[in-house]
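> Contents of start-v9.pdb (PDB, C-alpha atoms, pLDDT in the B column) are given next:
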```pdb
MODEL        1
ATOM      1  CA  MET A 194     -65.146  24.133  66.809  1.00 45.00           C
ATOM      2  CA  SER A 195     -65.959  25.378  63.307  1.00 50.00           C
ATOM      3  CA  GLU A 196     -66.305  22.996  60.407  1.00 73.00           C
ATOM      4  CA  MET A 197     -63.535  23.137  57.782  1.00 89.00           C
ATOM      5  CA  LEU A 198     -64.985  24.408  54.524  1.00 92.00           C
ATOM      6  CA  PRO A 199     -63.706  23.088  51.199  1.00 95.00           C
ATOM      7  CA  PHE A 200     -61.360  25.378  49.270  1.00 96.00           C
ATOM      8  CA  TRP A 201     -63.917  26.240  46.572  1.00 96.00           C
ATOM      9  CA  LYS A 202     -66.129  27.782  49.275  1.00 94.00           C
ATOM     10  CA  THR A 203     -63.376  29.837  50.863  1.00 93.00           C
ATOM     11  CA  LYS A 204     -61.136  30.954  47.996  1.00 94.00           C
ATOM     12  CA  PRO A 205     -61.907  33.048  44.963  1.00 94.00           C
ATOM     13  CA  LEU A 206     -60.934  31.413  41.677  1.00 96.00           C
ATOM     14  CA  ASP A 207     -57.937  33.698  41.210  1.00 94.00           C
ATOM     15  CA  ALA A 208     -56.512  32.733  44.630  1.00 96.00           C
ATOM     16  CA  MET A 209     -56.590  28.973  44.064  1.00 96.00           C
ATOM     17  CA  SER A 210     -53.408  26.967  43.679  1.00 96.00           C
ATOM     18  CA  ARG A 211     -52.809  25.265  40.358  1.00 95.00           C
ATOM     19  CA  ALA A 212     -53.784  21.906  41.905  1.00 96.00           C
ATOM     20  CA  GLU A 213     -57.015  23.349  43.342  1.00 97.00           C
ATOM     21  CA  TRP A 214     -57.856  24.990  40.011  1.00 96.00           C
ATOM     22  CA  GLU A 215     -57.246  21.796  38.053  1.00 95.00           C
ATOM     23  CA  SER A 216     -59.269  19.703  40.524  1.00 97.00           C
ATOM     24  CA  LEU A 217     -62.360  21.789  39.757  1.00 97.00           C
ATOM     25  CA  CYS A 218     -62.556  20.195  36.323  1.00 96.00           C
ATOM     26  CA  ASP A 219     -64.971  17.276  36.591  1.00 96.00           C
ATOM     27  CA  GLY A 220     -63.615  15.660  33.414  1.00 95.00           C
ATOM     28  CA  CYS A 221     -66.928  15.778  31.564  1.00 96.00           C
ATOM     29  CA  GLY A 222     -65.387  16.833  28.240  1.00 96.00           C
ATOM     30  CA  ARG A 223     -68.218  19.213  27.291  1.00 96.00           C
ATOM     31  CA  CYS A 224     -65.847  22.148  26.871  1.00 95.00           C
ATOM     32  CA  CYS A 225     -63.886  20.041  24.364  1.00 96.00           C
ATOM     33  CA  LEU A 226     -66.789  19.895  21.939  1.00 97.00           C
ATOM     34  CA  HIS A 227     -66.872  22.180  18.915  1.00 96.00           C
ATOM     35  CA  LYS A 228     -69.191  25.151  18.980  1.00 96.00           C
ATOM     36  CA  LEU A 229     -70.556  27.208  16.124  1.00 96.00           C
ATOM     37  CA  ARG A 230     -71.455  30.881  16.344  1.00 95.00           C
ATOM     38  CA  GLU A 231     -73.662  32.510  13.727  1.00 94.00           C
ATOM     39  CA  ASP A 232     -71.906  35.491  12.167  1.00 93.00           C
ATOM     40  CA  GLU A 233     -74.917  37.785  11.950  1.00 95.00           C
ATOM     41  CA  THR A 234     -76.758  36.933  15.155  1.00 95.00           C
ATOM     42  CA  GLU A 235     -73.903  35.748  17.405  1.00 94.00           C
ATOM     43  CA  VAL A 236     -76.153  32.809  18.412  1.00 95.00           C
ATOM     44  CA  LEU A 237     -74.078  29.962  19.838  1.00 95.00           C
ATOM     45  CA  HIS A 238     -74.697  26.352  18.818  1.00 96.00           C
ATOM     46  CA  HIS A 239     -73.126  23.381  20.577  1.00 96.00           C
ATOM     47  CA  THR A 240     -72.189  20.313  18.571  1.00 97.00           C
ATOM     48  CA  GLU A 241     -71.508  16.696  19.386  1.00 97.00           C
ATOM     49  CA  ILE A 242     -68.119  16.899  17.640  1.00 97.00           C
ATOM     50  CA  ALA A 243     -65.163  16.188  19.899  1.00 96.00           C
ATOM     51  CA  CYS A 244     -61.782  17.880  19.620  1.00 96.00           C
ATOM     52  CA  ARG A 245     -59.259  15.607  17.928  1.00 95.00           C
ATOM     53  CA  LEU A 246     -57.377  15.220  21.219  1.00 97.00           C
ATOM     54  CA  LEU A 247     -60.415  14.089  23.196  1.00 96.00           C
ATOM     55  CA  ASP A 248     -60.585  10.359  23.852  1.00 95.00           C
ATOM     56  CA  THR A 249     -64.273   9.753  23.209  1.00 92.00           C
ATOM     57  CA  ALA A 250     -64.282   6.582  25.339  1.00 92.00           C
ATOM     58  CA  THR A 251     -62.909   8.283  28.463  1.00 92.00           C
ATOM     59  CA  ALA A 252     -63.782  11.985  27.845  1.00 94.00           C
ATOM     60  CA  ARG A 253     -60.168  12.891  28.672  1.00 93.00           C
ATOM     61  CA  CYS A 254     -57.627  14.842  26.659  1.00 95.00           C
ATOM     62  CA  THR A 255     -55.012  12.538  25.198  1.00 96.00           C
ATOM     63  CA  ASP A 256     -52.284  15.204  25.396  1.00 96.00           C
ATOM     64  CA  TYR A 257     -53.396  17.731  28.018  1.00 94.00           C
ATOM     65  CA  ALA A 258     -49.891  19.095  28.661  1.00 93.00           C
ATOM     66  CA  ASN A 259     -49.342  19.900  24.970  1.00 95.00           C
ATOM     67  CA  ARG A 260     -52.919  20.605  23.908  1.00 95.00           C
ATOM     68  CA  LYS A 261     -52.378  24.290  23.118  1.00 93.00           C
ATOM     69  CA  ARG A 262     -49.409  23.501  20.868  1.00 95.00           C
ATOM     70  CA  ARG A 263     -51.261  20.718  19.054  1.00 96.00           C
ATOM     71  CA  VAL A 264     -54.641  22.490  18.840  1.00 95.00           C
ATOM     72  CA  PRO A 265     -53.862  26.219  18.602  1.00 93.00           C
ATOM     73  CA  ASP A 266     -57.462  27.344  19.197  1.00 92.00           C
ATOM     74  CA  CYS A 267     -57.713  25.328  22.423  1.00 93.00           C
ATOM     75  CA  ILE A 268     -58.424  27.708  25.295  1.00 91.00           C
ATOM     76  CA  ARG A 269     -56.374  27.592  28.463  1.00 91.00           C
ATOM     77  CA  LEU A 270     -58.988  28.583  31.000  1.00 93.00           C
ATOM     78  CA  THR A 271     -57.962  31.210  33.557  1.00 93.00           C
ATOM     79  CA  PRO A 272     -60.010  33.327  35.972  1.00 93.00           C
ATOM     80  CA  ALA A 273     -59.577  36.340  33.668  1.00 93.00           C
ATOM     81  CA  ARG A 274     -60.635  34.427  30.544  1.00 93.00           C
ATOM     82  CA  LEU A 275     -63.554  32.879  32.389  1.00 93.00           C
ATOM     83  CA  GLN A 276     -65.166  36.318  32.674  1.00 90.00           C
ATOM     84  CA  LYS A 277     -65.210  36.673  28.874  1.00 92.00           C
ATOM     85  CA  ILE A 278     -66.301  33.163  27.876  1.00 92.00           C
ATOM     86  CA  ASP A 279     -69.988  32.512  27.250  1.00 92.00           C
ATOM     87  CA  TRP A 280     -69.814  28.963  25.938  1.00 94.00           C
ATOM     88  CA  LEU A 281     -68.928  26.887  28.999  1.00 95.00           C
ATOM     89  CA  PRO A 282     -71.646  24.366  29.814  1.00 95.00           C
ATOM     90  CA  PRO A 283     -73.972  25.200  32.716  1.00 95.00           C
ATOM     91  CA  THR A 284     -72.560  22.187  34.602  1.00 96.00           C
ATOM     92  CA  CYS A 285     -68.974  23.505  34.528  1.00 97.00           C
ATOM     93  CA  ALA A 286     -67.503  23.983  38.013  1.00 97.00           C
ATOM     94  CA  TYR A 287     -65.549  27.060  36.945  1.00 97.00           C
ATOM     95  CA  ARG A 288     -68.737  28.662  35.690  1.00 95.00           C
ATOM     96  CA  LEU A 289     -70.736  27.578  38.748  1.00 96.00           C
ATOM     97  CA  ILE A 290     -68.201  29.033  41.173  1.00 96.00           C
ATOM     98  CA  ALA A 291     -67.920  32.258  39.153  1.00 94.00           C
ATOM     99  CA  GLU A 292     -71.726  32.497  39.489  1.00 94.00           C
ATOM    100  CA  GLN A 293     -71.423  32.001  43.287  1.00 94.00           C
ATOM    101  CA  ARG A 294     -72.998  28.527  43.075  1.00 95.00           C
ATOM    102  CA  ASP A 295     -71.775  25.481  44.960  1.00 96.00           C
ATOM    103  CA  LEU A 296     -70.547  22.319  43.301  1.00 97.00           C
ATOM    104  CA  PRO A 297     -73.328  19.778  42.712  1.00 97.00           C
ATOM    105  CA  GLU A 298     -73.400  16.490  44.604  1.00 96.00           C
ATOM    106  CA  TRP A 299     -72.187  14.545  41.539  1.00 96.00           C
ATOM    107  CA  HIS A 300     -68.974  16.585  41.225  1.00 97.00           C
ATOM    108  CA  PRO A 301     -65.964  14.340  42.035  1.00 98.00           C
ATOM    109  CA  LEU A 302     -64.721  16.775  44.705  1.00 97.00           C
ATOM    110  CA  ARG A 303     -67.998  16.182  46.565  1.00 96.00           C
ATOM    111  CA  SER A 304     -68.763  12.577  45.632  1.00 97.00           C
ATOM    112  CA  GLY A 305     -65.194  11.284  45.820  1.00 97.00           C
ATOM    113  CA  ASP A 306     -65.940   9.288  42.667  1.00 97.00           C
ATOM    114  CA  PRO A 307     -65.023  10.415  39.117  1.00 94.00           C
ATOM    115  CA  GLU A 308     -67.695   8.077  37.736  1.00 96.00           C
ATOM    116  CA  SER A 309     -70.426  10.165  39.397  1.00 96.00           C
ATOM    117  CA  VAL A 310     -70.090  12.569  36.444  1.00 96.00           C
ATOM    118  CA  VAL A 311     -71.002   9.731  34.075  1.00 96.00           C
ATOM    119  CA  ARG A 312     -73.917   8.532  36.213  1.00 95.00           C
ATOM    120  CA  ALA A 313     -75.325  12.079  36.382  1.00 96.00           C
ATOM    121  CA  GLY A 314     -75.360  12.319  32.579  1.00 95.00           C
ATOM    122  CA  ILE A 315     -72.764  15.078  32.500  1.00 96.00           C
ATOM    123  CA  SER A 316     -69.921  13.267  30.715  1.00 97.00           C
ATOM    124  CA  VAL A 317     -69.580  13.195  26.929  1.00 97.00           C
ATOM    125  CA  ARG A 318     -68.190   9.668  27.194  1.00 95.00           C
ATOM    126  CA  GLY A 319     -69.569   7.555  24.362  1.00 92.00           C
ATOM    127  CA  ARG A 320     -71.913  10.350  23.185  1.00 94.00           C
ATOM    128  CA  VAL A 321     -69.798  12.264  20.693  1.00 96.00           C
ATOM    129  CA  VAL A 322     -68.377  12.069  17.192  1.00 95.00           C
ATOM    130  CA  PRO A 323     -64.599  12.306  16.689  1.00 95.00           C
ATOM    131  CA  GLU A 324     -63.560  15.456  14.823  1.00 93.00           C
ATOM    132  CA  ARG A 325     -61.903  13.593  11.976  1.00 92.00           C
ATOM    133  CA  ALA A 326     -65.023  11.477  11.325  1.00 94.00           C
ATOM    134  CA  ALA A 327     -67.611  14.237  11.660  1.00 94.00           C
ATOM    135  CA  GLY A 328     -67.945  15.831   8.251  1.00 92.00           C
ATOM    136  CA  ALA A 329     -69.983  19.055   8.192  1.00 93.00           C
ATOM    137  CA  SER A 330     -70.265  20.661  11.628  1.00 93.00           C
ATOM    138  CA  GLU A 331     -73.790  21.887  10.883  1.00 94.00           C
ATOM    139  CA  ASP A 332     -74.903  18.251  10.690  1.00 95.00           C
ATOM    140  CA  HIS A 333     -73.916  17.717  14.324  1.00 96.00           C
ATOM    141  CA  ILE A 334     -75.586  20.581  16.175  1.00 97.00           C
ATOM    142  CA  ALA A 335     -76.884  19.301  19.520  1.00 96.00           C
ATOM    143  CA  THR A 336     -78.611  20.969  22.468  1.00 95.00           C
ATOM    144  CA  TRP A 337     -77.568  18.558  25.225  1.00 95.00           C
ATOM    145  CA  PRO A 338     -73.991  19.899  25.693  1.00 95.00           C
ATOM    146  CA  GLY A 339     -75.417  23.305  26.626  1.00 94.00           C
ATOM    147  CA  ASN A 340     -78.123  22.000  28.957  1.00 95.00           C
ATOM    148  CA  TRP A 341     -78.273  20.848  32.569  1.00 95.00           C
ATOM    149  CA  PRO A 342     -79.283  17.139  32.444  1.00 93.00           C
ATOM    150  CA  LYS A 343     -82.408  16.180  34.396  1.00 92.00           C
ATOM    151  CA  ARG A 344     -80.736  13.238  36.089  1.00 90.00           C
ATOM    152  CA  ALA A 345     -78.001  15.594  37.383  1.00 92.00           C
ATOM    153  CA  GLY A 346     -80.491  17.061  39.844  1.00 91.00           C
ATOM    154  CA  GLN A 347     -81.212  20.713  40.363  1.00 91.00           C
ATOM    155  CA  LYS A 348     -78.630  23.361  39.511  1.00 92.00           C
ATOM    156  CA  PRO A 349     -77.163  24.810  42.731  1.00 93.00           C
ATOM    157  CA  ALA A 350     -78.730  28.111  43.711  1.00 92.00           C
ATOM    158  CA  ILE A 351     -76.929  31.419  43.338  1.00 90.00           C
ATOM    159  CA  GLY A 352     -75.294  32.273  46.634  1.00 84.00           C
ATOM    160  CA  SER A 353     -75.023  28.622  47.663  1.00 82.00           C
ATOM    161  CA  LEU A 354     -71.243  28.993  48.024  1.00 81.00           C
ATOM    162  CA  LYS A 355     -71.683  30.808  51.271  1.00 65.00           C
ATOM    163  CA  GLY A 356     -70.608  28.595  54.113  1.00 53.00           C
ATOM    164  CA  PRO A 357     -72.331  28.269  57.492  1.00 47.00           C
ATOM    165  CA  THR A 358     -72.379  31.395  59.589  1.00 41.00           C
ATOM    166  CA  PRO A 359     -70.289  31.273  62.783  1.00 40.00           C
TER     167      PRO A 359
ENDMDL
END
```
Write out the structure in this file as structure tokens.

Amino acid sequence: MSEMLPFWKTKPLDAMSRAEWESLCDGCGRCCLHKLREDETEVLHHTEIACRLLDTATARCTDYANRKRRVPDCIRLTPARLQKIDWLPPTCAYRLIAEQRDLPEWHPLRSGDPESVVRAGISVRGRVVPERAAGASEDHIATWPGNWPKRAGQKPAIGSLKGPTP
């Protein structure tokens, strides 16, 4: 009898149901932080400034259903858009799966515990500045949102999505 593989190992991103797609989000909030891109060099800088809709205590959007209406430059992530976006954090499940990497052990779909994201140092909870209190964005450039935290363990290897061979 073959072992049932989880959906993220058997389905491409564009074949996932809406519920499967949404469940890939680990709720870290890193994608909800402002980014700056230098005009001349195109170099990307992450900041510790949270979108005005991000609850900094929980790292959750306070109006997810209406976020695009309330924050017009908010990106609704889709498989097609994912191919063009270069600013998702290295810990992002959408990015990992697009790179043919498995979900890390701390991801809630694997751990069964949404707090595992906090324990692994992935969550922005309590680590960011609210947009309205930030002031100049340049004063809040930070490297941690774009890095893989040490306590999160090793980044899954490329090709680790492949399930066991029959």
> Since I can't run it myself right now, could you work out what the PyMOL selection byres ((chain A and resi 279-289) around 7) selects here and report it as a compact mmCIF listing (two decimals) with C-alpha atoms, in the frame of the given file?

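What ended up in expr-v4.txt:
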```txt
# COMPACT_ATOMS: atom_id res chain seq x y z
CA LEU A 217 -62.36 21.79 39.76
CA CYS A 218 -62.56 20.20 36.32
CA ARG A 223 -68.22 19.21 27.29
CA CYS A 224 -65.85 22.15 26.87
CA LYS A 277 -65.21 36.67 28.87
CA ILE A 278 -66.30 33.16 27.88
CA ILE A 290 -68.20 29.03 41.17
CA ALA A 291 -67.92 32.26 39.15
CA GLU A 292 -71.73 32.50 39.49
CA GLN A 293 -71.42 32.00 43.29
CA ARG A 294 -73.00 28.53 43.08
CA ASP A 295 -71.78 25.48 44.96
CA LEU A 296 -70.55 22.32 43.30
CA PRO A 338 -73.99 19.90 25.69
CA GLY A 339 -75.42 23.30 26.63
CA ASN A 340 -78.12 22.00 28.96
CA TRP A 341 -78.27 20.85 32.57
```
> One decimal, in Å: what's the spacing between atom CA of Trp201 of chain A and atom CA of Arg269 of chain A?
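Distance between the two atoms: 19.7 Å.
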> Using all atoms listed in the file, can you tell me which of A:His238, A:Arg312, A:Arg262, A:Arg245 comes closest to Ala327 of chain A?
A:Arg245
> May I ask which of the residues A:Ser216, A:Ser304, A:Ser210, A:Thr240 is the closest one to Ala329 of chain A, counting all atoms listed in the file?
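When distances to Ala329 of chain A are compared using all atoms listed in the file, the smallest one comes from A:Thr240.
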> Record the distance separating atom CA of Gly319 of chain A and atom CA of Arg253 of chain A, expressed in Å with one decimal.
11.6 Å
> On this structure, the PyMOL selection byres ((chain A and resi 300) around 10) would catch which residues? List them as a count of residues only, sorted by chain and number.
25
> Quote the spacing between atom CA of Ser330 of chain A and atom CA of Ala243 of chain A in Å to one decimal place.
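Here the two named atoms are 10.7 Å from each other.
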> Calculated over only C-alpha atoms, which of the candidates A:Gly222, A:Leu198, A:Ala326, A:Arg344 has the smallest distance to Ala252 of chain A?
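Nearest to Ala252 of chain A: A:Gly222.
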